[in-house]
Amino acid sequence: MNLAENVCNIVLFGGLGDLAQRKLFPALYQLDCADLLSSDTVIYGIARDTSLKQAIDLTEQNLRNFISESEFSENKLKVFLEKIHFLSFDFNDHTAYSQLSSELDRDIEAERLFYFSTPASIYGAICKGLDYGKCLNASSRVVLEKPIGHSLESSLDINQEVAKYFDESQIYRIDHYLGKETVQNLIALRFANNLFGSQWNQNFISYIEITIAEKVGIEGRWGYFDKYGQLRDMLQNHLLQLLCLVAMDPPSELSSDAIRNEKVKVLKALRPITEEMLDSHLVHGQYVDGYIDGKPVPGYLEEKGANTQSSTETFIALKAEVENWRWAGVPFYLRTGKRMPEKLTQITVHFRQQPHYIFDPEQRALAENALMIKVQPDEGISLQVLSKEQGLNSGMKLRKAPLHLSFSDAFSMDRVPDAYERLLLEAIKANQNLFVRSDEIEHAWKWCDQIISHLENRVTPMPYPAGCWGPETIYKMIEADNRRWHEQS
Ligand code: BG6
């Protein structure tokens with residue numbers, strides 16, 4: 001698509017916030033360098049209580065910090081900075097929005113993309129201001145950052161507020177995992193390869209693991225994180241979105257609604273986790289001090305700004321079940337945590353063994369194929385296959401060996417675009433495929449809310465030392481089903 005003719009002005013609310021400075025401006029810089037922004041595009045950063053000079057200086061400084069040396073060019077930065085224009089006003093003051101509308105009216109032909117990189121509690125106030133200030137027209141679209149709410153009820157309130165001003169077709173709810181290359185590749189892997197497509201069900205698959213592990217701790221975000229915890233911050237959105245893409249039925253076409261309809265069916269088919277099931281289906285933990293890369297790190301309750309009584313979880317593992325024909329009897333073990341030994345997002349599909357086994361009985365446990373889809377880092381796919389050990393002396397001894405496809409080697413990619421580059425580009429092109437529909441958010445909250453309510457009446461999270469894969473009980477949970485986590489193999 002030639003975007004040079006498609007002028008889309010972008011308005012970033014929270015323009016000096018961490019997300020805008022760390023991710024959004026650098027992503028827009030990359031799009032500009034790739035000629036994917038029209039030369040007439042204006043990027044309005046909206047921030048409160050700042051002078052315009054301070055705002056642009058800080059943005060320039062951060063662009064210099066966050067763009068890697070190999071991708072940085074003084075000339076390109078200069079051209080990009082000319083596109084940025086800051087405005088300063090209080091987002092809650094609806095009378096202040098007229099200054100934004102006068103700016104936007106300079107080019108009445110240009111499309112308008114509003115990006116709310118602010119707490120969701122003020123999305124309604126911003127919409128009201130945009131409407132009052134006459135900033136909205138038929139081309140307007142709005143991008144909403146996660147988390148949308150804290151529970152089903154609060155997410156419904158927020159979605160309803162925004163829906164007063166924007167039609168669903170104009171709303172782009174971000175889950176940045178959907179912008180990651182390998183996450184999109186799941187669709188190609190599953191629906192373009194009969195080899196996998198034909199095996200993707202309970203007849204051939206024994207169980208599936210989805211892990212999102214982070215090495216980092218709370219990184220100065222204690223106040224925010226403690227109100228949410230890992231379940232709301234990572235499971236309700238990123239992990240469940242990955243689960244949907246792995247478990248959904250083939251969509252009839254690649255349109256956003258066809259894909260979202262299938263994802264919603266998965267969320268609706270999730271078996272509720274009742275209070276009686278908690279012990280066998282769920283482990284939650286909180287990290288204590290330990291070592292990351294050999295260096296000592298503090299526990300969650302010792303981080304800067306911590307409330308030492310907090311019982312917020314920094315780790316959660318659970319066994320999810322999708323109650324439909326395709327997945328009957330196939331557990332999905334999901335886990336996500338902070339301060340894990342490595343940064344890793346991986347989907348591991350464990351295939352069933354052959355119905356009749358003829359090799360050395362001692363090697364029986366080996367005889368299982370596993371498909372590893374590495375979302376990050378080192379994006380790629382690896383299929384564990386069994387072969388005969390080479391050599392005259394080895395008889396029919398089996399050995400596991402990987403068939404490996406590294407995306408960066410195979411496609412000579414010099415860089416993997418950041419998820420926000422892809423998502424901003426799709427929002428500019430008005431393509432909703434990679435964004436989350438309101439009913440997806442609602443069903444995800446519905447399933448999570450009942451787990452949260454059981455946990456609230458429950459014991460505090462299990463401690464686990466920073467630098468390990470979570471509380472020891474995660475092994476008991478999976479071994480009770482005669483299965484193992486990937487790292488145990
Ligand atoms: C964010 C969470 O959505 O995702 C953070 O709020 C988390 O807590 C981050 O660290 C992880 O994203 P990524 O892309 O680094 O895996």
# chains A, B, ... in the order shown; residues from 1 in each chain; ligands from 1
$ residues_near_ligand --ligand "ligand 1" --cutoff "7 Å" --atoms "only C-alpha atoms and all ligand atoms" --output "list in words"
His176, Tyr177, Glu214, Asp233 and Met234 of chain A
$ residues_around --residues "Phe91 in chain A" --least-positions-apart "6" --cutoff "10 Å" --atoms "only C-alpha atoms" --output "list of chain:residue names"
A:Phe13, A:Gly14, A:Ile46, A:Ala47, A:Arg48, A:Tyr97, A:Thr118, A:Ile122, A:Tyr123, A:Ala125, A:Ile126, A:Cys127, A:Lys128, A:Gly129, A:Leu130
$ residues_around --residues "range 202-212 of chain A" --least-positions-apart "4" --cutoff "7 Å" --atoms "only C-alpha atoms" --output "list in words"
Arg326, Trp327, Ala328, Gly329, Val330, Pro331, Phe332, Tyr333, Leu334, Arg335, Thr336, Gly337, Leu344, Thr345, Gln346, Ile347, Thr348, Val349, His350, Phe351 and Arg352 of chain A
$ write_last_selection --atoms "N, CA, C and O atoms" --output "PDB file, in the first residue's frame"
ATOM      1  N   ARG A 326     -12.463 -30.289  19.525  1.00  0.00           N
ATOM      2  CA  ARG A 326     -11.053 -30.289  19.120  1.00  0.00           C
ATOM      3  C   ARG A 326     -10.123 -30.557  20.307  1.00  0.00           C
ATOM      4  O   ARG A 326      -9.108 -31.227  20.172  1.00  0.00           O
ATOM      5  N   TRP A 327     -10.482 -30.017  21.467  1.00  0.00           N
ATOM      6  CA  TRP A 327      -9.508 -30.016  22.578  1.00  0.00           C
ATOM      7  C   TRP A 327      -9.924 -30.841  23.789  1.00  0.00           C
ATOM      8  O   TRP A 327      -9.270 -30.758  24.834  1.00  0.00           O
ATOM      9  N   ALA A 328     -10.972 -31.636  23.666  1.00  0.00           N
ATOM     10  CA  ALA A 328     -11.403 -32.418  24.837  1.00  0.00           C
ATOM     11  C   ALA A 328     -10.237 -33.242  25.364  1.00  0.00           C
ATOM     12  O   ALA A 328      -9.577 -33.960  24.601  1.00  0.00           O
ATOM     13  N   GLY A 329      -9.933 -33.110  26.650  1.00  0.00           N
ATOM     14  CA  GLY A 329      -8.875 -33.921  27.278  1.00  0.00           C
ATOM     15  C   GLY A 329      -7.461 -33.407  27.038  1.00  0.00           C
ATOM     16  O   GLY A 329      -6.499 -34.057  27.435  1.00  0.00           O
ATOM     17  N   VAL A 330      -7.321 -32.261  26.380  1.00  0.00           N
ATOM     18  CA  VAL A 330      -5.962 -31.715  26.144  1.00  0.00           C
ATOM     19  C   VAL A 330      -5.751 -30.500  27.060  1.00  0.00           C
ATOM     20  O   VAL A 330      -6.314 -29.442  26.816  1.00  0.00           O
ATOM     21  N   PRO A 331      -4.964 -30.645  28.116  1.00  0.00           N
ATOM     22  CA  PRO A 331      -4.757 -29.471  28.979  1.00  0.00           C
ATOM     23  C   PRO A 331      -3.814 -28.445  28.347  1.00  0.00           C
ATOM     24  O   PRO A 331      -2.893 -28.813  27.610  1.00  0.00           O
ATOM     25  N   PHE A 332      -4.064 -27.209  28.644  1.00  0.00           N
ATOM     26  CA  PHE A 332      -3.170 -26.112  28.257  1.00  0.00           C
ATOM     27  C   PHE A 332      -2.557 -25.589  29.553  1.00  0.00           C
ATOM     28  O   PHE A 332      -3.272 -25.054  30.397  1.00  0.00           O
ATOM     29  N   TYR A 333      -1.266 -25.788  29.716  1.00  0.00           N
ATOM     30  CA  TYR A 333      -0.598 -25.282  30.922  1.00  0.00           C
ATOM     31  C   TYR A 333      -0.047 -23.896  30.596  1.00  0.00           C
ATOM     32  O   TYR A 333       0.806 -23.750  29.712  1.00  0.00           O
ATOM     33  N   LEU A 334      -0.574 -22.911  31.291  1.00  0.00           N
ATOM     34  CA  LEU A 334      -0.172 -21.522  31.020  1.00  0.00           C
ATOM     35  C   LEU A 334       0.629 -21.011  32.204  1.00  0.00           C
ATOM     36  O   LEU A 334       0.274 -21.274  33.347  1.00  0.00           O
ATOM     37  N   ARG A 335       1.685 -20.292  31.944  1.00  0.00           N
ATOM     38  CA  ARG A 335       2.396 -19.682  33.085  1.00  0.00           C
ATOM     39  C   ARG A 335       3.102 -18.401  32.659  1.00  0.00           C
ATOM     40  O   ARG A 335       3.546 -18.267  31.517  1.00  0.00           O
ATOM     41  N   THR A 336       3.163 -17.509  33.587  1.00  0.00           N
ATOM     42  CA  THR A 336       3.855 -16.251  33.336  1.00  0.00           C
ATOM     43  C   THR A 336       4.385 -15.709  34.648  1.00  0.00           C
ATOM     44  O   THR A 336       3.717 -15.816  35.680  1.00  0.00           O
ATOM     45  N   GLY A 337       5.595 -15.171  34.606  1.00  0.00           N
ATOM     46  CA  GLY A 337       6.153 -14.656  35.854  1.00  0.00           C
ATOM     47  C   GLY A 337       7.251 -13.644  35.618  1.00  0.00           C
ATOM     48  O   GLY A 337       7.845 -13.564  34.538  1.00  0.00           O
ATOM     49  N   LEU A 344      11.660 -15.360  27.936  1.00  0.00           N
ATOM     50  CA  LEU A 344      11.271 -16.385  26.977  1.00  0.00           C
ATOM     51  C   LEU A 344       9.766 -16.396  26.815  1.00  0.00           C
ATOM     52  O   LEU A 344       9.024 -16.450  27.797  1.00  0.00           O
ATOM     53  N   THR A 345       9.314 -16.319  25.582  1.00  0.00           N
ATOM     54  CA  THR A 345       7.894 -16.577  25.304  1.00  0.00           C
ATOM     55  C   THR A 345       7.862 -17.735  24.337  1.00  0.00           C
ATOM     56  O   THR A 345       8.419 -17.642  23.230  1.00  0.00           O
ATOM     57  N   GLN A 346       7.281 -18.814  24.770  1.00  0.00           N
ATOM     58  CA  GLN A 346       7.318 -20.026  23.951  1.00  0.00           C
ATOM     59  C   GLN A 346       6.035 -20.834  24.080  1.00  0.00           C
ATOM     60  O   GLN A 346       5.488 -20.967  25.168  1.00  0.00           O
ATOM     61  N   ILE A 347       5.615 -21.373  22.943  1.00  0.00           N
ATOM     62  CA  ILE A 347       4.473 -22.291  22.926  1.00  0.00           C
ATOM     63  C   ILE A 347       5.060 -23.665  22.614  1.00  0.00           C
ATOM     64  O   ILE A 347       5.793 -23.803  21.635  1.00  0.00           O
ATOM     65  N   THR A 348       4.782 -24.633  23.458  1.00  0.00           N
ATOM     66  CA  THR A 348       5.302 -25.982  23.190  1.00  0.00           C
ATOM     67  C   THR A 348       4.124 -26.934  23.034  1.00  0.00           C
ATOM     68  O   THR A 348       3.299 -27.060  23.945  1.00  0.00           O
ATOM     69  N   VAL A 349       4.050 -27.530  21.862  1.00  0.00           N
ATOM     70  CA  VAL A 349       2.949 -28.455  21.570  1.00  0.00           C
ATOM     71  C   VAL A 349       3.508 -29.868  21.695  1.00  0.00           C
ATOM     72  O   VAL A 349       4.437 -30.240  20.972  1.00  0.00           O
ATOM     73  N   HIS A 350       2.988 -30.642  22.629  1.00  0.00           N
ATOM     74  CA  HIS A 350       3.483 -32.006  22.846  1.00  0.00           C
ATOM     75  C   HIS A 350       2.546 -32.972  22.134  1.00  0.00           C
ATOM     76  O   HIS A 350       1.348 -33.021  22.460  1.00  0.00           O
ATOM     77  N   PHE A 351       3.088 -33.718  21.190  1.00  0.00           N
ATOM     78  CA  PHE A 351       2.252 -34.670  20.439  1.00  0.00           C
ATOM     79  C   PHE A 351       2.150 -35.989  21.196  1.00  0.00           C
ATOM     80  O   PHE A 351       3.019 -36.335  21.994  1.00  0.00           O
ATOM     81  N   ARG A 352       1.087 -36.712  20.909  1.00  0.00           N
ATOM     82  CA  ARG A 352       0.908 -38.029  21.546  1.00  0.00           C
ATOM     83  C   ARG A 352       1.941 -39.012  21.005  1.00  0.00           C
ATOM     84  O   ARG A 352       2.433 -38.859  19.894  1.00  0.00           O
TER      85      ARG A 352
END
$ atom_distance --atom1 "CA of Leu31 in chain A" --atom2 "CA of Phe89 in chain A"
27.4 Å
$ atom_distance --atom1 "CA of Arg173 in chain A" --atom2 "CA of Arg437 in chain A"
7.0 Å
$ select_by_dssp --residues "range 190-288 of chain A" --states "alpha helix (DSSP H)" --output "MDAnalysis selection string"
chainID A and resid 190:192 194:197 222:230 240:247 256:269 278:281
$ write_last_selection --atoms "C-alpha atoms" --output "PDB file, in the first residue's frame"
ATOM      1  CA  ARG A 190      -1.444 -23.477  11.520  1.00  0.00           C
ATOM      2  CA  PHE A 191      -3.535 -22.646   8.495  1.00  0.00           C
ATOM      3  CA  ALA A 192      -1.021 -22.736   5.633  1.00  0.00           C
ATOM      4  CA  ASN A 194      -1.452 -29.182   6.233  1.00  0.00           C
ATOM      5  CA  LEU A 195       1.270 -31.043   8.107  1.00  0.00           C
ATOM      6  CA  PHE A 196       0.309 -29.151  11.260  1.00  0.00           C
ATOM      7  CA  GLY A 197      -3.302 -28.299  10.412  1.00  0.00           C
ATOM      8  CA  TRP A 222       5.493  -0.957  41.799  1.00  0.00           C
ATOM      9  CA  GLY A 223       2.497   1.344  42.376  1.00  0.00           C
ATOM     10  CA  TYR A 224       0.830   0.319  39.100  1.00  0.00           C
ATOM     11  CA  PHE A 225       1.770  -3.345  39.203  1.00  0.00           C
ATOM     12  CA  ASP A 226       0.682  -3.962  42.771  1.00  0.00           C
ATOM     13  CA  LYS A 227      -2.911  -3.004  41.915  1.00  0.00           C
ATOM     14  CA  TYR A 228      -2.967  -5.487  39.024  1.00  0.00           C
ATOM     15  CA  GLY A 229      -0.623  -8.425  39.612  1.00  0.00           C
ATOM     16  CA  GLN A 230       0.536 -10.906  37.011  1.00  0.00           C
ATOM     17  CA  LEU A 240      -5.144 -15.659  26.718  1.00  0.00           C
ATOM     18  CA  GLN A 241      -4.594 -14.104  23.287  1.00  0.00           C
ATOM     19  CA  LEU A 242      -1.827 -16.635  22.591  1.00  0.00           C
ATOM     20  CA  LEU A 243      -4.108 -19.403  23.814  1.00  0.00           C
ATOM     21  CA  CYS A 244      -6.857 -18.220  21.453  1.00  0.00           C
ATOM     22  CA  LEU A 245      -4.533 -18.207  18.439  1.00  0.00           C
ATOM     23  CA  VAL A 246      -3.256 -21.688  19.277  1.00  0.00           C
ATOM     24  CA  ALA A 247      -6.664 -23.195  20.027  1.00  0.00           C
ATOM     25  CA  SER A 256     -10.562  -9.288  11.354  1.00  0.00           C
ATOM     26  CA  ASP A 257     -14.073 -10.363  12.278  1.00  0.00           C
ATOM     27  CA  ALA A 258     -13.630 -13.933  11.053  1.00  0.00           C
ATOM     28  CA  ILE A 259     -10.504 -14.271  13.234  1.00  0.00           C
ATOM     29  CA  ARG A 260     -12.045 -12.552  16.237  1.00  0.00           C
ATOM     30  CA  ASN A 261     -15.204 -14.705  16.030  1.00  0.00           C
ATOM     31  CA  GLU A 262     -13.064 -17.823  16.317  1.00  0.00           C
ATOM     32  CA  LYS A 263     -11.058 -16.385  19.202  1.00  0.00           C
ATOM     33  CA  VAL A 264     -14.229 -15.541  21.113  1.00  0.00           C
ATOM     34  CA  LYS A 265     -15.426 -19.145  20.723  1.00  0.00           C
ATOM     35  CA  VAL A 266     -12.269 -20.339  22.495  1.00  0.00           C
ATOM     36  CA  LEU A 267     -12.749 -17.896  25.361  1.00  0.00           C
ATOM     37  CA  LYS A 268     -16.362 -18.990  25.738  1.00  0.00           C
ATOM     38  CA  ALA A 269     -15.308 -22.659  25.793  1.00  0.00           C
ATOM     39  CA  LEU A 278      -7.655 -24.303  42.704  1.00  0.00           C
ATOM     40  CA  ASP A 279      -5.231 -26.786  44.293  1.00  0.00           C
ATOM     41  CA  SER A 280      -4.988 -28.993  41.238  1.00  0.00           C
ATOM     42  CA  HIS A 281      -5.230 -26.251  38.598  1.00  0.00           C
TER      43      HIS A 281
END
$ select_by_dssp --residues "range 13-46 of chain A" --states "strand (DSSP E)" --output "JSON, numbers by chain"
{"A": [13, 43, 44, 45, 46]}
$ write_last_selection --atoms "N, CA, C and O atoms" --output "PDB file, in the first residue's frame"
ATOM      1  N   PHE A  13      -2.102  10.885  23.276  1.00  0.00           N
ATOM      2  CA  PHE A  13      -2.381  11.367  24.643  1.00  0.00           C
ATOM      3  C   PHE A  13      -1.435  10.634  25.587  1.00  0.00           C
ATOM      4  O   PHE A  13      -1.287   9.415  25.487  1.00  0.00           O
ATOM      5  N   ILE A  43       2.458  14.491  13.965  1.00  0.00           N
ATOM      6  CA  ILE A  43       2.259  13.698  15.184  1.00  0.00           C
ATOM      7  C   ILE A  43       2.102  14.691  16.328  1.00  0.00           C
ATOM      8  O   ILE A  43       3.036  15.448  16.632  1.00  0.00           O
ATOM      9  N   TYR A  44       0.916  14.713  16.914  1.00  0.00           N
ATOM     10  CA  TYR A  44       0.685  15.621  18.035  1.00  0.00           C
ATOM     11  C   TYR A  44       0.909  14.860  19.332  1.00  0.00           C
ATOM     12  O   TYR A  44       0.251  13.840  19.567  1.00  0.00           O
ATOM     13  N   GLY A  45       1.841  15.318  20.147  1.00  0.00           N
ATOM     14  CA  GLY A  45       2.015  14.740  21.481  1.00  0.00           C
ATOM     15  C   GLY A  45       1.222  15.605  22.446  1.00  0.00           C
ATOM     16  O   GLY A  45       1.374  16.829  22.450  1.00  0.00           O
ATOM     17  N   ILE A  46       0.335  14.989  23.223  1.00  0.00           N
ATOM     18  CA  ILE A  46      -0.436  15.791  24.179  1.00  0.00           C
ATOM     19  C   ILE A  46       0.051  15.428  25.581  1.00  0.00           C
ATOM     20  O   ILE A  46       0.094  14.249  25.950  1.00  0.00           O
TER      21      ILE A  46
END
